[in-house]
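Notes to accompany the following structure.
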Amino acid sequence: MCLAVPGRLTEILGEGELRMGRVDFDGVARQACLAYLPEARVGDYVLVHVGFAISRIDEEQAKETLRALAQIGEPTVPDEDPDAVR
Amino acid sequence: MRFVDEYRDPGAVQRALADIRALARRPWTLMEVCGGQTHSILKFGLDELLPERVTLVHGPGCPVCVTGLELIDRAVAIAARPDVIFCSFGDMLRVPGSSRDLLAVKAAGGDVRIVYSPLDAVRLARRHRDRKVVFFAVGFETTAPANAMAVHRAAVEGLDNFSVLVAHVLVPPALEALLSDPDVRVQGLLAPGHVCVVTGYRAYEGLARRYHVPIVVTGFEPLDILRGVRAAVAQLERGAAAVENEYPRAVHADGNLEAQRMIGEVFAVTDRSWRGLGVIPRSGYALAPRYARFDAERVFGVQGVTAVEPAECRAGLVLQGRLRPNACPEFGARCSPEHPLGATMVSAEGACAAYFHYGRVAAAR
């Protein structure tokens with residue numbers, strides 16, 4: 001129920017009481033209500049839940065997370081056959 | 001998909017697991033609160049990849065699962081009326097009521113519709129002014145802003161044929177009930193990331209302090225979950241009990257203030273009966289008095305409908321992390337997604353459904 005999917009805001013569809021936008025989810029476009037993200041701009045990645053954008057994804061924080069994960073020690077299981085773990 | 005694929009990278013998952021293996025010296029039991037996290041854990045087999053010393057038990061964070069049986073019965077009673085278009089998120093339809101579910105109402109000719117967003121239900125009310133459009137407003141704090149907006153729009157547009165059956169539940173009071181129960185042995189919590197997107201995480205600080213448990217705000221992809229587990233284990237190993245945010249790309253300490261403002265406008269905190277868990281004080285939302293005319297229970301006079309939960313379903317224990325789904329004697333035998341005894345077997349976030357769907361049947365036998 002709390003599923004929220006990240007997508008890229010490609011278009012603002014109307015400035016009014018109910019600000020709407022078009023969000024691209026890897027090729028699938030859907031409308032989302034932007035009322036709770038007044039600061040959202042075209043090009044932002046947003047988290048969409050039941051038709052509402054509820055958070056702007058912080059790209060700096062996302063990069064920082066991946067950097068921190070990359071710094072964790074070397075794998076104990078060698079990547080001989082990457083398909084085996086997919 | 002960006003912000004998804006990179007958090008599923010197998011090499012990084014292996015490194016994160018090795019890191020947790022080195023870090024965990026003693027046995028620890030953590031609870032992931034949200035059913036979405038449970039499904040991610042089972043889908044990617046993270047529970048089996050973690051060292052044996054780190055046990056994950058599954059929490060009550062499945063709003064479909066905890067919606068009171070009497071509310072399902074009220075929904076069924078309303079949906080069966082010929083003047084009603086009853087709108088719901090999809091996975092409520094197969095939740096068993098006392099006598100039947102919403103899908104059976106639809107099969108018998110009821111106008112029951114699955115909607116993607118509560119705004120779809122408002123659109124239906126606008127289009128069908130001669131019908132009564134009812135939306136089943138279930139969900140945790142994550143969904144409350146969307147459902148609040150639907151009610152607010154109906155008020156602004158004067159849609160007096162729109163109403164909501166409210167079943168909203170709140171995470172912190174449920175966690176308080178769990179942590180204060182001596183039978184629940186959970187040493188650390190992975191807090192639900194998308195709930196915290198809306199509410200922030202300051203409300204969890206008192207809980208962490210009072211019950212001396214680490215509470216780690218956690219996302220939903222495999223690396224997000226392992227990051228949450230790592231932080232909780234690290235705190236436990238050094239005897240800490242703090243709130244930590246391991247989902248910072250989406251969650252801020254104060255949450256989404258615009259969303260909170262709309263929740264405060266439309267809803268008021270109330271006591272709520274949780275399926276399998278009983279009444280938890282101040283653990284839900286009801287409509288605020290100024291929006292009471294949109295309350296479907298009043299509009300259709302179904303407040304008197306009560307229900308007694310069947311004893312054969314042990315979902316209450318599952319929702320508290322006290323019974324592993326495949327350890328239930330009914331699991332996969334009398335209870336399956338085709339013939340569920342309770343909601344945890346049919347909800348997209350139910351722990352029993354996750355165990356069934358991802359083939360953890362053999363473990364039980």
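Every chain in the structure tokens has a letter given in the order shown (A, B, ...), and although residue numbers restart at 1 in each chain, ligands are simply numbered from 1 in the order shown.
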List every residue of region 138-243 of chain B that has an atom at most 12 Å from any atom of region 248-260 of chain B, and for each one report the closest atom pair and its distance in Å to one decimal, counting only C-alpha atoms, with rows sorted by chain and then by increasing residue number, as CSV.
```
residue,atom,partner,partner_atom,distance
B:Glu141,CA,B:Gln260,CA,9.2
B:Thr142,CA,B:Ala259,CA,9.4
B:Thr143,CA,B:Ala259,CA,10.0
B:Ala144,CA,B:Ala259,CA,8.4
B:Pro145,CA,B:Ala259,CA,5.3
B:Ala146,CA,B:Ala259,CA,8.4
B:Asn147,CA,B:Ala259,CA,10.7
B:Ala148,CA,B:Ala259,CA,9.0
B:Met149,CA,B:Ala259,CA,9.1
B:Ala191,CA,B:Val251,CA,11.4
B:Pro192,CA,B:Val251,CA,10.4
B:Gly193,CA,B:Val251,CA,7.0
B:His194,CA,B:Val251,CA,7.8
B:Val195,CA,B:Gly255,CA,8.9
B:Cys196,CA,B:Val251,CA,6.2
B:Val197,CA,B:Val251,CA,4.7
B:Val198,CA,B:Gly255,CA,4.8
B:Thr199,CA,B:Gly255,CA,4.6
B:Gly200,CA,B:Gly255,CA,3.6
B:Tyr201,CA,B:Ala253,CA,5.4
B:Arg202,CA,B:Ala253,CA,6.4
B:Ala203,CA,B:Asp254,CA,9.5
B:Tyr204,CA,B:Ala253,CA,10.5
B:Glu205,CA,B:Ala253,CA,10.8
B:Val216,CA,B:Pro248,CA,11.2
B:Val217,CA,B:Val251,CA,8.3
B:Thr218,CA,B:Pro248,CA,9.0
B:Gly219,CA,B:Ala250,CA,8.6
B:Phe220,CA,B:Ala250,CA,11.2
B:Asp224,CA,B:Pro248,CA,10.3
B:Arg227,CA,B:Pro248,CA,11.4
B:Gly228,CA,B:Pro248,CA,11.4
B:Val243,CA,B:Ala253,CA,10.2
```
Residue neighbourhood Gly36 (chain B), 12 Å, only C-alpha atoms, exclusion window fewer than 3 positions, as number ranges by chain: A: 1-4; B: 32-33, 39-43, 58-64, 190-195, 218-222, 225, 347-351, 353-354
Strand (DSSP E or B) per DSSP on the backbone: members of region 5-60 of chain A, as a ChimeraX atom specification: /A:5-14,20-25,28-33,45-49,52-56
Top pick for closest residue to His168 (chain B), considering B:Cys34, B:Ala137, B:Val184, B:Cys65 and counting only C-alpha atoms: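 Residue with the minimum atom-to-atom distance to His168 (chain B): B:Ala137.
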Straight-line distance linking CA of Val308 (chain B) with CA of Leu170 (chain B), stated in Å to one decimal: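 Separation of CA of Val308 (chain B) and CA of Leu170 (chain B): 22.7 Å.
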Selection: 6 Å around Ala35 (chain A), only C-alpha atoms, excl. self and same-chain fewer than 2 positions, as an MDAnalysis selection string: chainID A and resid 18:19 33 37
Could the residues in this selection be saved with N, CA, C and O atoms as a PDB file, in the first residue's frame?
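Final output, selection27.pdb:
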```pdb
ATOM      1  N   LEU A  18      -4.832  22.701  -7.913  1.00  0.00           N
ATOM      2  CA  LEU A  18      -4.335  21.340  -8.025  1.00  0.00           C
ATOM      3  C   LEU A  18      -3.274  21.290  -9.117  1.00  0.00           C
ATOM      4  O   LEU A  18      -3.567  21.109 -10.281  1.00  0.00           O
ATOM      5  N   ARG A  19      -2.032  21.471  -8.672  1.00  0.00           N
ATOM      6  CA  ARG A  19      -0.927  21.449  -9.614  1.00  0.00           C
ATOM      7  C   ARG A  19      -0.670  19.995 -10.008  1.00  0.00           C
ATOM      8  O   ARG A  19      -0.482  19.130  -9.158  1.00  0.00           O
ATOM      9  N   CYS A  33      -0.349  14.275  -9.110  1.00  0.00           N
ATOM     10  CA  CYS A  33      -0.674  15.535  -8.451  1.00  0.00           C
ATOM     11  C   CYS A  33       0.592  16.077  -7.770  1.00  0.00           C
ATOM     12  O   CYS A  33       1.286  15.341  -7.064  1.00  0.00           O
ATOM     13  N   LEU A  37       4.308  19.001  -3.562  1.00  0.00           N
ATOM     14  CA  LEU A  37       5.694  19.321  -3.920  1.00  0.00           C
ATOM     15  C   LEU A  37       5.735  20.621  -4.716  1.00  0.00           C
ATOM     16  O   LEU A  37       6.071  20.621  -5.904  1.00  0.00           O
TER      17      LEU A  37
END
```
Two-atom distance - CA of Tyr247 (chain B), CA of Phe25 (chain A) (Å):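 A separation of 20.4 Å between them.
Of the listed residues (A:Met20, A:Leu69, A:Val5, A:Ile12), A:Ile12 comes nearest to Arg41 (chain A); the distances count only C-alpha atoms.
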Polymer residues at most 8 Å from region 333-337 of chain B, only C-alpha atoms, same-chain spacing of 3 or more positions, as a VMD selection string: chain B and resid 329 to 330 340 to 341 345 to 346 353 356
Which of chain A fall in helix (DSSP H, G or I), as a ChimeraX atom specification: /A:59-71,82-85
Minimum-distance residue to chain B, chosen among A:Ala62, A:Val28, A:Val48, A:Leu13 (using only C-alpha atoms):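 Comparing A:Ala62, A:Val28, A:Val48, A:Leu13 against chain B, the winner is A:Ala62.
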Who sits within 10 Å of Pro289 (chain B), only C-alpha atoms, same chain under 6 positions skipped, as an NGL selection string: :B and (266-268 or 295)
Nearby residues (only C-alpha atoms) at most 12 Å from Arg74 (chain B), same-chain spacing under 3 positions excluded, as a PyMOL selection string: chain B and resi 67-71+77-81+86+97-102+134+136+164-167+296-307
Residue contacts of Ala174 (chain B) (9 Å, only C-alpha atoms) excluding same-chain residues fewer than 4 positions away, as number ranges by chain: B: 60, 169-170, 178-179, 280-281, 283
